[in-house]
$ cat my_file-v6.tsv   # TSV, C-alpha atoms
chain	number	residue	atom	x	y	z
A	10	MET	CA	152.14	57.12	35.63
A	11	ARG	CA	148.43	57.47	36.31
A	12	ALA	CA	146.20	59.63	38.51
A	13	ARG	CA	146.24	56.95	41.21
A	14	ASP	CA	150.02	57.42	41.54
A	15	LEU	CA	149.75	61.20	41.92
A	16	VAL	CA	146.52	61.73	43.83
A	17	ALA	CA	146.77	63.29	47.30
A	18	ASP	CA	144.37	64.35	50.01
A	19	TYR	CA	142.92	67.77	49.36
A	20	PRO	CA	140.49	70.09	51.18
A	21	VAL	CA	136.82	69.60	50.32
A	22	VAL	CA	133.99	72.09	50.77
A	23	THR	CA	130.28	71.75	50.07
A	24	LEU	CA	127.95	73.81	47.89
A	25	GLU	CA	126.68	75.53	51.03
A	26	THR	CA	130.10	76.49	52.42
A	27	PRO	CA	130.27	80.30	52.78
A	28	ILE	CA	132.49	81.63	50.01
A	29	LEU	CA	134.43	83.65	52.60
A	30	ASP	CA	135.37	80.43	54.41
A	31	ALA	CA	136.41	78.88	51.09
A	32	ALA	CA	138.51	81.94	50.22
A	33	ARG	CA	140.18	81.88	53.66
A	34	LEU	CA	141.00	78.21	53.24
A	35	MET	CA	142.62	78.91	49.87
A	36	ALA	CA	144.54	81.90	51.21
A	37	GLU	CA	145.75	80.21	54.39
A	38	GLN	CA	146.89	77.02	52.71
A	39	ASP	CA	147.94	78.70	49.46
A	40	LEU	CA	145.70	76.51	47.34
A	41	PRO	CA	144.83	77.14	43.68
A	42	GLY	CA	141.26	75.95	44.30
A	43	LEU	CA	139.12	73.57	46.33
A	44	ILE	CA	137.26	70.32	45.72
A	45	VAL	CA	133.51	70.83	46.00
A	46	GLN	CA	131.16	68.04	47.06
A	47	GLY	CA	128.23	68.72	44.77
A	48	ASP	CA	124.69	67.38	44.74
A	49	GLU	CA	125.49	64.50	42.45
A	50	THR	CA	129.18	64.71	41.77
A	51	PHE	CA	132.37	66.41	42.79
A	52	THR	CA	133.76	69.45	41.07
A	53	ILE	CA	136.43	72.13	41.53
A	54	LEU	CA	136.13	75.76	42.59
A	55	SER	CA	139.16	77.65	41.33
A	56	GLY	CA	140.55	80.74	43.01
A	57	THR	CA	139.55	83.02	40.15
A	58	GLU	CA	136.00	81.67	40.27
A	59	ALA	CA	135.78	82.42	43.99
A	60	LEU	CA	136.96	85.94	43.20
A	61	ARG	CA	134.12	86.53	40.76
A	62	LEU	CA	131.71	86.85	43.67
A	63	ALA	CA	133.90	89.47	45.32
A	64	VAL	CA	133.11	91.87	42.54
A	65	PRO	CA	129.63	93.38	42.86
A	66	ARG	CA	127.58	92.84	39.70
A	67	TYR	CA	127.26	96.57	38.98
A	68	ILE	CA	131.05	96.81	38.96
A	69	ALA	CA	131.63	93.65	36.94
A	70	ASP	CA	129.31	95.05	34.31
A	71	ASP	CA	131.14	98.38	34.18
A	72	PRO	CA	134.90	97.95	34.73
A	73	ALA	CA	135.41	101.72	34.84
A	74	LEU	CA	133.41	101.78	38.07
A	75	ALA	CA	135.94	99.47	39.72
A	76	ARG	CA	138.48	102.25	39.30
A	77	VAL	CA	136.43	105.03	40.80
A	78	VAL	CA	134.99	103.13	43.73
A	79	ASP	CA	136.73	104.70	46.71
A	80	GLU	CA	139.10	102.20	48.25
A	81	ALA	CA	138.09	103.44	51.66
A	82	HIS	CA	135.18	101.22	50.68
A	83	ALA	CA	137.35	98.18	50.21
A	84	ASP	CA	134.73	96.75	52.52
A	85	THR	CA	132.75	96.45	49.32
A	86	PHE	CA	134.93	93.45	48.57
A	87	MET	CA	134.01	91.72	51.79
A	88	GLU	CA	130.38	92.79	51.69
A	89	ALA	CA	129.99	91.31	48.26
A	90	LEU	CA	131.22	87.98	49.60
A	91	GLY	CA	129.24	88.00	52.85
A	92	GLY	CA	126.44	85.45	52.94
A	93	ARG	CA	127.31	84.04	49.50
A	94	THR	CA	128.02	80.37	49.06
A	95	VAL	CA	130.29	78.17	46.99
A	96	ARG	CA	127.20	77.16	44.98
A	97	GLU	CA	126.84	80.75	43.76
A	98	ALA	CA	130.49	80.99	42.77
A	99	LEU	CA	130.53	77.91	40.54
A	100	PRO	CA	130.07	78.68	36.87
A	101	ARG	CA	126.64	77.56	35.68
A	102	ASP	CA	127.53	76.99	32.06
A	103	ARG	CA	130.50	74.72	32.66
A	104	ARG	CA	130.70	72.24	29.80
A	105	GLU	CA	133.32	69.95	31.29
A	106	LEU	CA	134.14	69.29	34.93
A	107	PRO	CA	137.79	69.07	36.04
A	108	VAL	CA	137.13	65.57	37.34
A	109	THR	CA	138.58	62.25	36.22
A	110	ASP	CA	139.24	58.72	37.45
A	111	PRO	CA	142.35	57.04	38.91
A	112	ASP	CA	143.30	55.47	35.58
A	113	ALA	CA	143.71	58.88	33.90
A	114	THR	CA	147.14	59.30	32.34
A	115	VAL	CA	149.40	62.31	32.81
A	116	LEU	CA	148.56	63.44	29.29
A	117	GLU	CA	144.86	63.10	30.00
A	118	MET	CA	145.10	65.17	33.20
A	119	SER	CA	147.23	67.77	31.42
A	120	ALA	CA	144.70	68.07	28.62
A	121	LEU	CA	141.85	68.30	31.15
A	122	MET	CA	143.55	71.07	33.15
A	123	ALA	CA	144.34	72.94	29.93
A	124	ARG	CA	140.81	72.61	28.51
A	125	THR	CA	139.07	73.59	31.75
A	126	ARG	CA	141.77	76.14	32.64
A	127	THR	CA	141.76	74.72	36.15
A	128	PRO	CA	145.05	74.02	37.94
A	129	LEU	CA	143.76	70.94	39.73
A	130	VAL	CA	141.52	67.98	39.00
A	131	ALA	CA	139.47	65.86	41.38
A	132	ILE	CA	140.03	62.10	41.19
A	133	VAL	CA	136.84	60.11	41.70
A	134	GLU	CA	136.33	56.35	41.56
A	135	ASP	CA	132.81	54.89	41.50
A	136	GLY	CA	131.44	58.05	43.08
A	137	ARG	CA	134.06	58.02	45.86
A	138	LEU	CA	136.52	60.91	46.12
A	139	LEU	CA	140.17	59.87	46.26
A	140	GLY	CA	141.65	63.38	46.33
A	141	ALA	CA	143.14	65.77	43.81
A	142	VAL	CA	146.08	66.10	41.47
A	143	THR	CA	147.37	69.65	41.24
A	144	LEU	CA	149.19	71.25	38.31
A	145	GLU	CA	152.14	71.79	40.64
A	146	ARG	CA	152.31	68.11	41.53
A	147	LEU	CA	151.92	67.08	37.91
A	148	LEU	CA	154.78	69.36	36.84
A	149	ASP	CA	156.93	68.27	39.79
A	150	ARG	CA	156.61	64.62	38.84
A	151	MET	CA	157.04	65.14	35.12
A	152	LEU	CA	159.97	67.53	35.41
A	153	GLY	CA	161.61	65.85	38.40
A	154	THR	CA	161.89	69.14	40.30
B	2	MET	CA	144.37	99.83	48.81
B	3	ARG	CA	145.76	99.92	45.31
B	4	ALA	CA	148.00	97.76	43.15
B	5	ARG	CA	151.02	99.84	44.20
B	6	ASP	CA	150.50	98.73	47.80
B	7	LEU	CA	150.32	95.05	46.90
B	8	VAL	CA	152.77	94.68	44.03
B	9	ALA	CA	155.82	92.47	44.59
B	10	ASP	CA	158.78	91.29	42.56
B	11	TYR	CA	157.92	88.32	40.40
B	12	PRO	CA	159.84	86.10	37.94
B	13	VAL	CA	159.86	87.32	34.34
B	14	VAL	CA	160.50	85.26	31.22
B	15	THR	CA	160.64	86.29	27.57
B	16	LEU	CA	158.72	85.07	24.54
B	17	GLU	CA	161.74	83.01	23.55
B	18	THR	CA	162.22	81.28	26.91
B	19	PRO	CA	161.94	77.49	26.42
B	20	ILE	CA	158.60	76.37	27.82
B	21	LEU	CA	160.39	73.62	29.78
B	22	ASP	CA	162.41	76.26	31.62
B	23	ALA	CA	159.24	78.22	32.31
B	24	ALA	CA	157.48	75.09	33.60
B	25	ARG	CA	160.45	74.24	35.83
B	26	LEU	CA	160.44	77.76	37.26
B	27	MET	CA	156.75	77.46	38.08
B	28	ALA	CA	157.18	73.99	39.59
B	29	GLU	CA	160.24	74.85	41.66
B	30	GLN	CA	158.88	78.09	43.07
B	31	ASP	CA	155.27	76.91	43.19
B	32	LEU	CA	154.04	79.80	41.06
B	33	PRO	CA	150.59	80.02	39.45
B	34	GLY	CA	152.11	81.61	36.34
B	35	LEU	CA	154.90	83.86	35.08
B	36	ILE	CA	155.21	87.40	33.81
B	37	VAL	CA	156.18	87.46	30.13
B	38	GLN	CA	158.13	90.31	28.59
B	39	GLY	CA	156.42	90.57	25.22
B	40	ASP	CA	157.36	92.39	22.04
B	41	GLU	CA	155.43	95.49	22.97
B	42	THR	CA	153.96	94.86	26.36
B	43	PHE	CA	154.01	92.51	29.30
B	44	THR	CA	151.58	89.69	29.75
B	45	ILE	CA	151.06	86.59	31.90
B	46	LEU	CA	151.58	82.92	31.12
B	47	SER	CA	149.42	80.86	33.46
B	48	GLY	CA	150.27	77.33	34.51
B	49	THR	CA	147.37	75.82	32.60
B	50	GLU	CA	148.44	77.66	29.45
B	51	ALA	CA	151.97	76.24	29.78
B	52	LEU	CA	150.40	72.81	30.09
B	53	ARG	CA	148.58	73.13	26.78
B	54	LEU	CA	151.84	72.66	24.93
B	55	ALA	CA	152.57	69.45	26.83
B	56	VAL	CA	149.67	67.79	25.11
B	57	PRO	CA	150.50	66.79	21.54
B	58	ARG	CA	147.98	68.21	19.09
B	59	TYR	CA	146.80	64.78	17.94
B	60	ILE	CA	145.93	63.96	21.53
B	61	ALA	CA	144.32	67.32	22.33
B	62	ASP	CA	142.09	66.81	19.32
B	63	ASP	CA	141.07	63.32	20.43
B	64	PRO	CA	140.85	63.05	24.24
B	65	ALA	CA	140.27	59.29	24.05
B	66	LEU	CA	143.82	58.94	22.72
B	67	ALA	CA	145.19	60.49	25.91
B	68	ARG	CA	143.82	57.47	27.75
B	69	VAL	CA	145.27	54.83	25.50
B	70	VAL	CA	148.71	56.33	25.01
B	71	ASP	CA	150.97	53.96	26.92
B	72	GLU	CA	152.34	55.72	29.96
B	73	ALA	CA	155.65	54.00	29.37
B	74	HIS	CA	155.68	56.78	26.79
B	75	ALA	CA	155.24	59.50	29.37
B	76	ASP	CA	158.23	60.88	27.53
B	77	THR	CA	155.61	62.09	25.10
B	78	PHE	CA	154.89	64.79	27.64
B	79	MET	CA	158.47	66.01	27.65
B	80	GLU	CA	158.97	65.55	23.93
B	81	ALA	CA	155.97	67.71	23.22
B	82	LEU	CA	157.51	70.49	25.30
B	83	GLY	CA	161.05	70.18	23.97
B	84	GLY	CA	162.11	73.08	21.77
B	85	ARG	CA	158.82	74.93	22.27
B	86	THR	CA	158.82	78.47	23.59
B	87	VAL	CA	156.68	80.65	25.82
B	88	ARG	CA	155.54	82.48	22.67
B	89	GLU	CA	153.88	79.29	21.42
B	90	ALA	CA	152.13	78.68	24.72
B	91	LEU	CA	150.46	82.08	24.95
B	92	PRO	CA	146.87	82.12	23.69
B	93	ARG	CA	146.62	83.97	20.38
B	94	ASP	CA	143.04	85.05	20.71
B	95	ARG	CA	143.33	86.68	24.11
B	96	ARG	CA	140.93	89.59	24.24
B	97	GLU	CA	142.15	91.13	27.46
B	98	LEU	CA	145.61	90.96	29.03
B	99	PRO	CA	145.94	90.40	32.80
B	100	VAL	CA	147.88	93.64	33.07
B	101	THR	CA	147.01	96.84	34.89
B	102	ASP	CA	148.61	99.91	36.42
B	103	PRO	CA	149.62	100.79	40.00
B	104	ASP	CA	146.45	102.78	40.61
B	105	ALA	CA	144.22	99.76	40.06
B	106	THR	CA	141.94	99.11	43.01
B	107	VAL	CA	141.43	95.75	44.71
B	108	LEU	CA	138.05	95.46	43.04
B	109	GLU	CA	139.56	96.23	39.66
B	110	MET	CA	142.27	93.58	40.08
B	111	SER	CA	139.71	91.06	41.33
B	112	ALA	CA	137.49	91.70	38.32
B	113	LEU	CA	140.49	91.44	35.98
B	114	MET	CA	141.62	88.11	37.46
B	115	ALA	CA	138.06	86.79	37.30
B	116	ARG	CA	137.50	87.92	33.68
B	117	THR	CA	140.83	86.63	32.40
B	118	ARG	CA	140.72	83.56	34.68
B	119	THR	CA	144.32	84.28	35.57
B	120	PRO	CA	145.47	84.10	39.21
B	121	LEU	CA	147.95	86.94	38.88
B	122	VAL	CA	148.18	90.30	37.14
B	123	ALA	CA	151.25	92.22	35.99
B	124	ILE	CA	151.53	95.81	37.23
B	125	VAL	CA	153.00	98.15	34.60
B	126	GLU	CA	153.55	101.90	34.80
B	127	ASP	CA	154.46	103.86	31.67
B	128	GLY	CA	155.79	100.70	30.02
B	129	ARG	CA	157.91	99.80	33.06
B	130	LEU	CA	157.21	96.57	34.93
B	131	LEU	CA	156.73	96.99	38.68
B	132	GLY	CA	155.95	93.34	39.45
B	133	ALA	CA	152.83	91.29	39.99
B	134	VAL	CA	149.89	90.95	42.34
B	135	THR	CA	148.85	87.34	42.87
B	136	LEU	CA	145.40	86.08	43.78
B	137	GLU	CA	146.94	84.64	46.94
B	138	ARG	CA	148.33	88.01	47.98
B	139	LEU	CA	145.09	89.76	47.15
B	140	LEU	CA	143.11	87.31	49.29
B	141	ASP	CA	145.68	87.46	52.10
B	142	ARG	CA	145.40	91.22	52.32
B	143	MET	CA	141.65	91.37	51.96
B	144	LEU	CA	140.91	88.55	54.38
B	145	GLY	CA	143.71	89.33	56.82
B	146	THR	CA	144.98	85.75	56.81

$ encode --input "my_file-v6.tsv" --output "structure tokens"
Amino acid sequence: MRARDLVADYPVVTLETPILDAARLMAEQDLPGLIVQGDETFTILSGTEALRLAVPRYIADDPALARVVDEAHADTFMEALGGRTVREALPRDRRELPVTDPDATVLEMSALMARTRTPLVAIVEDGRLLGAVTLERLLDRMLGT
Amino acid sequence: MRARDLVADYPVVTLETPILDAARLMAEQDLPGLIVQGDETFTILSGTEALRLAVPRYIADDPALARVVDEAHADTFMEALGGRTVREALPRDRRELPVTDPDATVLEMSALMARTRTPLVAIVEDGRLLGAVTLERLLDRMLGT
């Protein structure tokens, strides 16, 4: 079984998509991440990466502050996301993209998800996006659930 | 809004649960991870962590091998998981556990998920497990989807 046998259509956003729209898409469709059409290649934005932007820098730097910030100001969460884009949420120092080709084996996709800690991989052939394989789909097929 | 307002029941496994059972539970219920009852505390096993064990060490060490391994031997995937436990799948060098208490704020949980790259956190009060807050639930409540 190869990526081409498991790949399925999957929502795609761009680098300029507002992060709030991306988060809504993930929440509404219960997705573990989104495919991102980048400048030169595709990549994945995971849910936890999107969340990073929701935490104002001054709070991320001082976790104790996240406890004392009055939750009446839960708006802080939304304010932090307002106007930010998917581009800003993507990690800058990513060494390996969760992207592979349709000939990738199940073991290869498993290793890629494990190494990148991303529960889905984009499947790209000659620069053309075919879709994604999710961890859920991979497990379903391997375990026969 | 605090963790106590968002926490919900969530499947729990132990350190000795076979990783195949844990993977099946995740696949069947479409869960991003599981709560693990540890020796002294609770923690989280994420889907991508469970997957690490599915990749035989000799393949993880040499990604090119994952491509050439004949997929007629997809059994390799299952064999690698057979007899292994949740304990073996948990990262040993984890610096911070995705665990917090019921007073944790939305910002605090967001920062914790982002730092640990785990899409759910266990909520524990005085050593007693209350349940989990998932990234999906957090986004749902914050975005009103």

$ interface_residues --input "my_file-v6.tsv" --of "chain B" --to "chain A" --cutoff "6 Å" --atoms "all atoms listed in the file" --output "compact mmCIF listing (two decimals) with C-alpha atoms, in the frame of the given file"
# COMPACT_ATOMS: atom_id res chain seq x y z
CA MET B 2 144.37 99.83 48.81
CA ALA B 28 157.18 73.99 39.59
CA THR B 49 147.37 75.82 32.60
CA ARG B 53 148.58 73.13 26.78
CA ALA B 67 145.19 60.49 25.91
CA ARG B 68 143.82 57.47 27.75
CA GLU B 72 152.34 55.72 29.96
CA THR B 106 141.94 99.11 43.01
CA LEU B 108 138.05 95.46 43.04
CA GLU B 109 139.56 96.23 39.66
CA ALA B 115 138.06 86.79 37.30
CA ARG B 118 140.72 83.56 34.68
CA GLU B 137 146.94 84.64 46.94
CA LEU B 140 143.11 87.31 49.29
CA ASP B 141 145.68 87.46 52.10

$ atom_distance --input "my_file-v6.tsv" --atom1 "CA of Thr135 (chain B)" --atom2 "CA of Val8 (chain B)"
8.4 Å

$ closest_residue --input "my_file-v6.tsv" --among "B:Gly128, B:Pro103, B:Pro19, B:Gly84" --to "Glu41 (chain B)" --atoms "only C-alpha atoms"
B:Gly128

$ atom_distance --input "my_file-v6.tsv" --atom1 "CA of Pro107 (chain A)" --atom2 "CA of Glu134 (chain A)"
13.9 Å

$ atom_distance --input "my_file-v6.tsv" --atom1 "CA of Ala31 (chain A)" --atom2 "CA of Thr52 (chain A)"
14.0 Å

$ residues_around --input "my_file-v6.tsv" --residues "Asp48 (chain A)" --least-positions-apart "2" --cutoff "12 Å" --atoms "only C-alpha atoms" --output "list in words"
Thr23, Leu24, Glu25, Val45, Gln46, Thr50, Phe51, Thr52, Arg96 and Gly136 of chain A

$ residues_around --input "my_file-v6.tsv" --residues "Leu43 (chain A)" --least-positions-apart "3" --cutoff "7 Å" --atoms "all atoms listed in the file" --output "PyMOL selection string"
chain A and resi 20-22+53-55

$ closest_residue --input "my_file-v6.tsv" --among "A:Val130, A:Leu106, A:Val95, A:Ala89" --to "Tyr19 (chain A)" --atoms "all atoms listed in the file"
A:Val130
